[in-house]
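Below is the file data-v2.cif, which contains mmCIF, C-alpha atoms.
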```
data_target
loop_
_atom_site.label_atom_id
_atom_site.label_comp_id
_atom_site.auth_asym_id
_atom_site.auth_seq_id
_atom_site.Cartn_x
_atom_site.Cartn_y
_atom_site.Cartn_z
CA MET K 1 -14.45 48.33 -11.02
CA ALA K 2 -15.86 48.01 -14.57
CA LEU K 3 -15.09 51.69 -15.17
CA ILE K 4 -11.49 51.14 -14.18
CA VAL K 5 -11.08 47.99 -16.26
CA GLY K 6 -12.40 49.87 -19.29
CA ALA K 7 -10.11 52.82 -18.69
CA VAL K 8 -7.07 50.60 -18.11
CA GLN K 9 -7.80 48.75 -21.35
CA GLU K 10 -7.86 52.03 -23.21
CA GLN K 11 -4.59 53.22 -21.71
CA SER K 12 -2.60 50.01 -21.87
CA ASN K 13 -2.25 50.09 -25.65
CA GLY K 14 1.09 48.72 -26.73
CA ARG K 15 2.33 47.99 -23.22
CA ARG K 16 0.89 44.51 -22.90
CA PRO K 17 -2.08 42.97 -24.66
CA ALA K 18 -4.97 43.25 -22.28
CA THR K 19 -8.51 42.07 -22.70
CA ALA K 20 -11.31 42.56 -20.23
CA THR K 21 -11.01 38.95 -19.12
CA ASP K 22 -7.26 39.36 -18.46
CA LEU K 23 -7.88 42.29 -16.18
CA GLY K 24 -9.03 41.74 -12.64
CA ARG K 25 -8.68 43.08 -9.12
CA ASP K 26 -5.14 41.76 -8.82
CA THR K 27 -3.85 43.05 -12.13
CA PRO K 28 -0.79 45.18 -11.34
CA LEU K 29 -0.91 48.65 -12.89
CA LEU K 30 2.72 49.68 -12.59
CA GLY K 31 6.14 48.05 -12.45
CA ARG K 32 7.60 45.21 -14.51
CA GLU K 33 4.36 43.25 -14.47
CA GLY K 34 2.19 46.33 -14.79
CA VAL K 35 -0.08 47.00 -17.73
CA LEU K 36 0.71 50.72 -17.80
CA ASP K 37 3.80 52.83 -18.32
CA SER K 38 4.13 56.10 -16.38
CA LEU K 39 2.43 58.13 -19.09
CA GLY K 40 -0.33 55.54 -19.25
CA LEU K 41 -0.93 56.06 -15.53
CA VAL K 42 -1.22 59.83 -16.04
CA SER K 43 -3.73 59.27 -18.84
CA LEU K 44 -5.63 56.72 -16.74
CA VAL K 45 -5.97 59.14 -13.81
CA VAL K 46 -7.22 61.91 -16.12
CA ALA K 47 -9.68 59.61 -17.90
CA LEU K 48 -10.97 58.18 -14.61
CA GLU K 49 -11.49 61.59 -13.01
CA GLN K 50 -13.59 62.64 -16.00
CA THR K 51 -15.54 59.37 -16.04
CA VAL K 52 -16.26 59.64 -12.31
CA GLU K 53 -17.49 63.18 -12.82
CA ASP K 54 -19.74 62.18 -15.72
CA THR K 55 -21.07 59.05 -14.02
CA TYR K 56 -21.44 60.15 -10.41
CA GLY K 57 -21.62 63.92 -10.76
CA VAL K 58 -18.81 64.52 -8.27
CA SER K 59 -15.34 65.90 -8.84
CA VAL K 60 -12.48 63.90 -7.30
CA SER K 61 -8.71 64.24 -7.46
CA LEU K 62 -7.28 60.73 -7.65
CA ALA K 63 -3.70 61.98 -7.41
CA ASP K 64 -4.10 64.21 -4.37
CA GLU K 65 -1.74 64.45 -1.39
CA ARG K 66 -3.51 61.59 0.34
CA ALA K 67 -2.92 59.18 -2.54
CA LEU K 68 0.69 60.17 -2.89
CA SER K 69 1.40 59.89 0.82
CA GLU K 70 -0.42 56.60 1.52
CA ARG K 71 2.01 53.94 2.67
CA HIS K 72 0.65 51.50 0.14
CA SER K 73 0.01 53.33 -3.10
CA PRO K 74 -3.60 53.07 -4.31
CA PHE K 75 -2.19 52.73 -7.82
CA ARG K 76 -0.74 49.24 -7.20
CA THR K 77 -3.49 47.18 -8.79
CA ILE K 78 -6.86 47.64 -10.43
CA GLY K 79 -8.50 46.50 -7.18
CA THR K 80 -6.65 48.93 -4.92
CA LEU K 81 -7.44 51.77 -7.32
CA ALA K 82 -11.11 50.76 -7.47
CA ASP K 83 -11.29 50.75 -3.64
CA TYR K 84 -9.55 54.09 -3.40
CA ALA K 85 -11.76 55.69 -6.07
CA GLY K 86 -14.82 54.29 -4.31
CA ARG K 87 -13.78 55.88 -1.02
CA LEU K 88 -13.20 59.23 -2.71
CA ILE K 89 -16.58 59.12 -4.46
CA GLU K 90 -18.35 58.28 -1.18
CA GLY K 91 -16.50 61.10 0.57
CA ALA K 92 -17.37 63.60 -2.15
CA ARG K 93 -21.04 62.54 -2.08
CA ALA K 94 -21.18 62.80 1.70
CA ARG K 95 -19.84 66.34 1.50
CA GLY K 96 -22.59 67.06 -1.03
CA MET A 1 -8.68 76.45 -37.23
CA ASP A 2 -12.01 78.20 -37.71
CA ASP A 3 -14.02 76.81 -34.82
CA ALA A 4 -11.12 76.42 -32.41
CA VAL A 5 -11.97 76.67 -28.73
CA THR A 6 -9.71 79.23 -27.07
CA LEU A 7 -9.60 79.96 -23.35
CA ILE A 8 -8.02 83.21 -22.15
CA THR A 9 -7.60 84.16 -18.51
CA GLY A 10 -7.82 87.73 -17.25
CA THR A 11 -10.08 89.08 -19.98
CA ARG A 12 -11.75 91.90 -18.05
CA LYS A 13 -9.43 94.50 -19.54
CA GLY A 14 -6.01 95.19 -21.08
CA ILE A 15 -4.21 92.56 -23.13
CA GLY A 16 -6.69 89.82 -22.14
CA ARG A 17 -9.68 91.70 -23.49
CA ALA A 18 -7.80 92.63 -26.69
CA LEU A 19 -6.85 88.98 -27.19
CA ALA A 20 -10.45 87.86 -26.64
CA GLU A 21 -11.60 90.32 -29.32
CA HIS A 22 -8.76 89.29 -31.62
CA TYR A 23 -9.60 85.58 -31.47
CA VAL A 24 -13.34 86.14 -31.79
CA ARG A 25 -12.53 88.06 -34.99
CA ALA A 26 -10.40 85.10 -36.08
CA GLY A 27 -13.45 82.84 -35.77
CA HIS A 28 -12.53 81.06 -32.55
CA ARG A 29 -15.07 80.20 -29.88
CA VAL A 30 -13.52 82.24 -27.10
CA ILE A 31 -13.99 81.63 -23.39
CA GLY A 32 -12.60 84.06 -20.87
CA CYS A 33 -12.54 84.57 -17.16
CA SER A 34 -11.79 87.19 -14.57
CA ARG A 35 -12.30 87.68 -10.86
CA GLY A 36 -14.86 90.40 -11.38
CA ASP A 37 -17.72 91.03 -13.78
CA ILE A 38 -16.96 92.52 -17.17
CA ASP A 39 -18.61 95.62 -18.60
CA TRP A 40 -18.51 94.45 -22.20
CA THR A 41 -20.03 91.66 -24.30
CA LEU A 42 -19.14 90.15 -27.61
CA GLU A 43 -20.83 87.58 -29.80
CA GLY A 44 -18.73 84.45 -29.84
CA TYR A 45 -17.31 85.17 -26.39
CA THR A 46 -18.39 83.46 -23.16
CA HIS A 47 -17.34 84.84 -19.81
CA TYR A 48 -16.86 83.07 -16.49
CA ARG A 49 -16.28 84.68 -13.14
CA ALA A 50 -13.45 82.83 -11.43
CA ASP A 51 -10.33 83.51 -9.44
CA VAL A 52 -7.58 81.66 -11.33
CA ALA A 53 -6.02 80.42 -8.08
CA ASP A 54 -9.28 79.00 -6.66
CA GLU A 55 -8.98 75.29 -7.46
CA PRO A 56 -12.67 74.30 -7.09
CA ALA A 57 -13.74 77.28 -9.22
CA VAL A 58 -11.15 76.41 -11.88
CA LYS A 59 -12.25 72.76 -11.92
CA ASP A 60 -15.90 73.82 -12.28
CA LEU A 61 -14.97 76.07 -15.19
CA PHE A 62 -13.22 73.21 -16.99
CA THR A 63 -16.08 70.79 -16.30
CA ASP A 64 -18.37 73.30 -17.98
CA ILE A 65 -16.03 73.67 -20.96
CA ARG A 66 -15.82 69.90 -21.34
CA ARG A 67 -19.60 69.55 -21.24
CA LYS A 68 -20.35 72.47 -23.56
CA TYR A 69 -17.52 72.22 -26.08
CA GLY A 70 -16.09 68.74 -25.56
CA ARG A 71 -12.62 70.02 -26.21
CA LEU A 72 -10.10 72.80 -25.76
CA ASP A 73 -7.56 73.76 -28.39
CA HIS A 74 -5.83 76.80 -26.92
CA LEU A 75 -5.13 78.22 -23.48
CA ILE A 76 -3.64 81.67 -23.03
CA ASN A 77 -2.57 82.23 -19.43
CA ASN A 78 -2.83 85.99 -19.45
CA ALA A 79 -4.19 86.76 -15.97
CA GLY A 80 -1.53 88.49 -13.95
CA ILE A 81 -0.99 91.06 -11.29
CA ALA A 82 2.08 93.15 -10.65
CA SER A 83 3.51 94.72 -7.56
CA MET A 84 5.86 97.61 -8.13
CA ASN A 85 7.56 98.14 -4.86
CA HIS A 86 10.96 97.80 -3.26
CA SER A 87 11.24 94.34 -1.74
CA LEU A 88 11.76 95.84 1.73
CA LEU A 89 8.40 97.54 1.42
CA THR A 90 6.49 94.55 0.09
CA PRO A 91 4.05 92.95 2.56
CA LEU A 92 3.60 89.17 2.65
CA SER A 93 -0.02 89.51 1.58
CA THR A 94 1.16 91.10 -1.68
CA VAL A 95 3.72 88.34 -2.18
CA GLN A 96 1.06 85.69 -1.71
CA SER A 97 -1.43 87.37 -3.95
CA VAL A 98 1.07 87.88 -6.80
CA LEU A 99 2.30 84.28 -6.56
CA ASN A 100 -1.26 82.94 -6.38
CA THR A 101 -2.50 84.70 -9.48
CA ASN A 102 0.62 84.48 -11.59
CA VAL A 103 2.08 81.10 -10.64
CA VAL A 104 -0.69 79.03 -9.03
CA GLY A 105 -3.22 80.31 -11.58
CA THR A 106 -0.99 79.47 -14.53
CA PHE A 107 -0.30 76.03 -13.09
CA LEU A 108 -3.94 75.18 -12.35
CA PHE A 109 -5.18 76.30 -15.75
CA SER A 110 -2.37 74.51 -17.56
CA ARG A 111 -3.02 71.31 -15.62
CA GLU A 112 -6.75 71.28 -16.23
CA ALA A 113 -6.38 72.40 -19.86
CA ALA A 114 -3.85 69.68 -20.58
CA LYS A 115 -6.28 67.05 -19.30
CA LEU A 116 -8.82 68.21 -21.88
CA MET A 117 -6.29 68.70 -24.67
CA ALA A 118 -4.71 65.28 -24.08
CA LYS A 119 -7.98 63.62 -25.07
CA ASN A 120 -7.57 64.98 -28.60
CA GLY A 121 -3.80 64.67 -28.64
CA TYR A 122 -3.58 68.35 -29.54
CA GLY A 123 -3.23 71.62 -27.70
CA ARG A 124 -1.45 74.94 -27.46
CA ILE A 125 -0.67 76.66 -24.17
CA VAL A 126 0.79 80.15 -24.14
CA ASN A 127 2.00 81.84 -20.96
CA LEU A 128 2.70 85.51 -20.48
CA THR A 129 5.92 86.61 -18.81
CA THR A 130 7.35 90.12 -18.87
CA VAL A 131 10.22 92.15 -20.17
CA ALA A 132 10.97 92.90 -16.50
CA LEU A 133 12.21 89.32 -16.23
CA ALA A 134 14.80 89.77 -18.98
CA LEU A 135 15.88 93.08 -17.43
CA ARG A 136 15.94 91.83 -13.80
CA LEU A 137 14.04 95.02 -13.13
CA ASP A 138 14.56 96.42 -9.65
CA GLY A 139 11.47 97.43 -7.72
CA GLU A 140 9.55 94.43 -9.01
CA ALA A 141 11.16 91.54 -7.13
CA ILE A 142 8.05 89.47 -6.52
CA TYR A 143 6.49 90.18 -9.90
CA VAL A 144 9.73 89.19 -11.65
CA ALA A 145 10.15 86.12 -9.41
CA SER A 146 6.59 85.02 -10.21
CA LYS A 147 7.21 85.37 -13.94
CA ALA A 148 10.52 83.48 -13.61
CA ALA A 149 8.43 80.67 -12.14
CA VAL A 150 6.00 80.95 -15.07
CA LEU A 151 8.91 80.63 -17.48
CA ALA A 152 10.24 77.58 -15.61
CA LEU A 153 6.75 76.06 -15.70
CA THR A 154 6.59 76.72 -19.43
CA GLN A 155 9.84 74.87 -20.03
CA VAL A 156 9.06 71.87 -17.83
CA LEU A 157 5.43 71.54 -18.98
CA ALA A 158 6.67 71.69 -22.58
CA ARG A 159 8.57 68.47 -21.90
CA GLU A 160 5.88 66.79 -19.82
CA LEU A 161 3.10 67.49 -22.31
CA ALA A 162 4.98 67.01 -25.58
CA SER A 163 3.97 63.38 -25.97
CA MET A 164 0.32 64.45 -25.72
CA GLY A 165 0.63 66.76 -28.72
CA ILE A 166 0.55 69.86 -26.53
CA THR A 167 3.03 72.70 -26.95
CA VAL A 168 3.76 75.22 -24.20
CA ASN A 169 5.44 78.54 -24.99
CA ALA A 170 5.81 81.97 -23.46
CA ILE A 171 5.83 85.56 -24.60
CA GLY A 172 7.39 88.45 -22.71
CA PRO A 173 5.67 91.71 -23.60
CA VAL A 174 7.31 95.11 -23.20
CA PRO A 175 5.28 97.84 -21.47
CA ILE A 176 1.90 98.30 -23.13
CA GLU A 177 -0.58 101.06 -22.37
CA THR A 178 -2.67 99.08 -19.90
CA ASP A 179 -3.74 99.51 -16.28
CA LEU A 180 -0.80 97.34 -15.23
CA ILE A 181 1.72 100.08 -16.02
CA ARG A 182 -0.48 103.11 -15.35
CA SER A 183 0.88 103.34 -11.82
CA VAL A 184 4.52 103.21 -12.95
CA PRO A 185 6.23 106.62 -13.19
CA LYS A 186 6.59 107.82 -16.79
CA ASP A 187 10.38 108.28 -16.52
CA LYS A 188 10.78 104.68 -15.36
CA ILE A 189 8.83 103.41 -18.37
CA GLU A 190 10.92 105.65 -20.63
CA ARG A 191 14.20 104.28 -19.20
CA LEU A 192 12.91 100.76 -19.67
CA VAL A 193 11.81 101.35 -23.26
CA GLN A 194 15.21 102.86 -24.09
CA GLN A 195 16.86 99.52 -23.28
CA GLN A 196 14.95 97.82 -26.09
CA ALA A 197 16.44 97.48 -29.59
CA ILE A 198 13.23 99.06 -30.84
CA PRO A 199 12.49 101.77 -28.26
CA ARG A 200 8.72 102.11 -28.23
CA LEU A 201 5.79 100.92 -26.14
CA GLY A 202 4.27 97.64 -27.26
CA THR A 203 0.74 97.13 -28.52
CA CYS A 204 -1.76 94.37 -27.98
CA ASP A 205 -1.35 93.54 -31.68
CA ASP A 206 2.37 92.88 -31.08
CA VAL A 207 1.39 90.33 -28.43
CA ALA A 208 -1.38 88.76 -30.54
CA ASN A 209 1.03 88.36 -33.46
CA VAL A 210 3.40 86.18 -31.43
CA ILE A 211 0.54 84.19 -29.93
CA ASP A 212 -0.92 83.63 -33.41
CA PHE A 213 2.41 82.07 -34.34
CA TYR A 214 2.47 79.79 -31.30
CA LEU A 215 -1.14 78.71 -31.88
CA ARG A 216 -0.68 77.76 -35.52
CA ARG A 217 -1.05 74.07 -36.27
CA GLU A 218 2.24 74.34 -38.17
CA SER A 219 3.98 75.39 -34.92
CA GLY A 220 3.74 71.88 -33.53
CA PHE A 221 7.54 71.56 -33.41
CA ILE A 222 7.96 74.73 -31.34
CA THR A 223 7.69 74.28 -27.60
CA GLY A 224 9.35 75.50 -24.39
CA GLN A 225 10.23 78.77 -26.11
CA HIS A 226 10.24 82.29 -24.71
CA LEU A 227 9.96 85.20 -27.08
CA VAL A 228 10.59 88.67 -25.65
CA LEU A 229 9.27 91.62 -27.64
CA GLY A 230 11.18 94.77 -28.51
CA GLY A 231 14.56 93.20 -29.21
CA LEU A 232 15.79 92.47 -25.73
#
```
As structure tokens, the full file:
Amino acid sequence: MALIVGAVQEQSNGRRPATATDLGRDTPLLGREGVLDSLGLVSLVVALEQTVEDTYGVSVSLADERALSERHSPFRTIGTLADYAGRLIEGARARG
Amino acid sequence: MDDAVTLITGTRKGIGRALAEHYVRAGHRVIGCSRGDIDWTLEGYTHYRADVADEPAVKDLFTDIRRKYGRLDHLINNAGIASMNHSLLTPLSTVQSVLNTNVVGTFLFSREAAKLMAKNGYGRIVNLTTVALALRLDGEAIYVASKAAVLALTQVLARELASMGITVNAIGPVPIETDLIRSVPKDKIERLVQQQAIPRLGTCDDVANVIDFYLRRESGFITGQHLVLGGL
């Protein structure tokens, strides 16, 4: 969660002022209320994949077919993205 | 850029090897890859063994580059295979293998390279097409189709990556004395060369010259372009 808040802060420049205290599980990432534009989301995904790799030593693809086909997009809010990333990290660790 | 980090695919032989040597001479830190081992070494050059269409292998390669160099300035998508055969005599396995290396490989490397380049807001990607594309050369349907896809990728990626400071361009070489054309009958090569404004075989230096231009920092306003050698 902290990783994602940090990454969102970095990528939300100019879109809407965001401080760590503003950002929480329910903060929307995209849409009218979202803190990111579409390019910001691309940059966020790239930054998060690299951070996950550096922190947990596993390689995950946040924007894989599963994410894009899920009925409720994991990119809705910081919380849904954190949950989704957590599941992917667990899965990657379990596979070794 | 003296200490630029330059990644070139398909460096075991031919144009890829010549480009690796060229950019080492230019002072770049050059990284290359090929499916098989190479029988040459060069100071300033690091080799990886990887199939360009194998996603986990490609991701591992880029993780290593990120850890060792922390950045990537240039990617030259040179790896390519050709199939010179009438379409009615081309098996599906050949189709898949040509598309995998030429299209999937170019896509995967461009995607992973752009992730690294975006961090610095700077990058140059150069893709290799072929004169056969401009000539709609018969007997090379799948090869030409794969390079048409590479050209389309070049043009779309140029737009998608522009805001990240990354340019994407392509060069279409004419026949060059490499293994790729060794199996093509001499008279066919001769007929092909005669269609060029300057009717001669190309050289690796001709290719490097165009790539040098694309890689220059001053070429930051040039993207989505396709330059075909020989005056076609």
**Request:** List the residues selected by the PyMOL selection byres ((chain K) within 9 of (chain A)) in the file shown, writing them as a list in words.
**Result:**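 Selected by the PyMOL selection byres ((chain K) within 9 of (chain A)) in this file: Leu39, Ser43, Val46, Ala47, Gln50, Glu53 and Ser59 of chain K.
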**Request:** Please write as number ranges by chain the full residue list that the PyMOL selection byres ((chain K and resi 29) around 9) yields on this file.
**Result:** K: 8, 27-28, 30-31, 33-37, 41, 75-78
**Request:** Determine the nearest neighbour of A:Ala208 from the options A:Val126, A:Met117, A:Ile142, A:Ala134, counting all atoms listed in the file.
**Result:** A:Val126
I want to know what sits within 7 Å of stretch 179-194 of chain A, based on all atoms listed in the file, with residues of the same chain fewer than 6 positions away left out; could you give that as a PDB file with C-alpha atoms, keeping the file's coordinate frame?
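Heads up, here's the output in selection38.pdb:
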```
ATOM      1  CA  GLY A  14      -6.010  95.190 -21.080  1.00  0.00           C
ATOM      2  CA  ALA A  82       2.080  93.150 -10.650  1.00  0.00           C
ATOM      3  CA  ARG A 200       8.720 102.110 -28.230  1.00  0.00           C
ATOM      4  CA  LEU A 201       5.790 100.920 -26.140  1.00  0.00           C
TER       5      LEU A 201
END
```
**Message:** For the PyMOL selection byres ((chain K and resi 81-88) around 9), applied here, can you spell out every residue it catches as a PyMOL selection string?
**Reply:** chain K and resi 1-4+25+48+52+60-62+67+73-80+89-93
Dump stretch 32-52 of chain K with N, CA and C atoms to a file, as a compact mmCIF listing (two decimals), in the first residue's frame.
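Printed below is selection.txt as written:
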```txt
# COMPACT_ATOMS: atom_id res chain seq x y z
N ARG K 32 -12.90 11.20 -13.75
CA ARG K 32 -12.95 12.63 -13.45
C ARG K 32 -12.34 12.94 -12.08
N GLU K 33 -12.58 12.03 -11.14
CA GLU K 33 -12.06 12.26 -9.78
C GLU K 33 -10.67 11.68 -9.59
N GLY K 34 -10.18 11.01 -10.62
CA GLY K 34 -8.91 10.28 -10.48
C GLY K 34 -7.71 11.20 -10.37
N VAL K 35 -6.65 10.66 -9.75
CA VAL K 35 -5.45 11.48 -9.58
C VAL K 35 -4.47 11.30 -10.74
N LEU K 36 -4.81 10.41 -11.67
CA LEU K 36 -3.90 10.14 -12.78
C LEU K 36 -4.58 10.37 -14.12
N ASP K 37 -3.80 10.82 -15.12
CA ASP K 37 -4.32 10.78 -16.48
C ASP K 37 -3.86 9.46 -17.09
N SER K 38 -4.21 9.20 -18.36
CA SER K 38 -3.92 7.85 -18.90
C SER K 38 -2.41 7.61 -18.98
N LEU K 39 -1.64 8.65 -19.29
CA LEU K 39 -0.20 8.46 -19.35
C LEU K 39 0.37 8.24 -17.94
N GLY K 40 -0.25 8.91 -16.98
CA GLY K 40 0.17 8.72 -15.59
C GLY K 40 -0.04 7.29 -15.15
N LEU K 41 -1.12 6.66 -15.63
CA LEU K 41 -1.38 5.26 -15.27
C LEU K 41 -0.30 4.36 -15.88
N VAL K 42 0.05 4.63 -17.14
CA VAL K 42 1.11 3.84 -17.79
C VAL K 42 2.40 3.95 -16.97
N SER K 43 2.74 5.18 -16.60
CA SER K 43 3.98 5.39 -15.84
C SER K 43 3.89 4.72 -14.47
N LEU K 44 2.71 4.76 -13.87
CA LEU K 44 2.53 4.14 -12.55
C LEU K 44 2.76 2.63 -12.64
N VAL K 45 2.17 2.01 -13.65
CA VAL K 45 2.31 0.55 -13.82
C VAL K 45 3.78 0.18 -13.99
N VAL K 46 4.48 0.95 -14.84
CA VAL K 46 5.90 0.67 -15.08
C VAL K 46 6.70 0.84 -13.79
N ALA K 47 6.45 1.94 -13.08
CA ALA K 47 7.21 2.21 -11.85
C ALA K 47 6.92 1.14 -10.80
N LEU K 48 5.64 0.73 -10.70
CA LEU K 48 5.28 -0.27 -9.69
C LEU K 48 5.91 -1.63 -10.00
N GLU K 49 5.88 -2.01 -11.28
CA GLU K 49 6.48 -3.31 -11.65
C GLU K 49 7.96 -3.34 -11.24
N GLN K 50 8.65 -2.22 -11.48
CA GLN K 50 10.08 -2.18 -11.14
C GLN K 50 10.28 -2.18 -9.62
N THR K 51 9.41 -1.45 -8.91
CA THR K 51 9.53 -1.41 -7.45
C THR K 51 9.25 -2.79 -6.84
N VAL K 52 8.23 -3.46 -7.38
CA VAL K 52 7.91 -4.80 -6.87
C VAL K 52 9.10 -5.73 -7.09
```
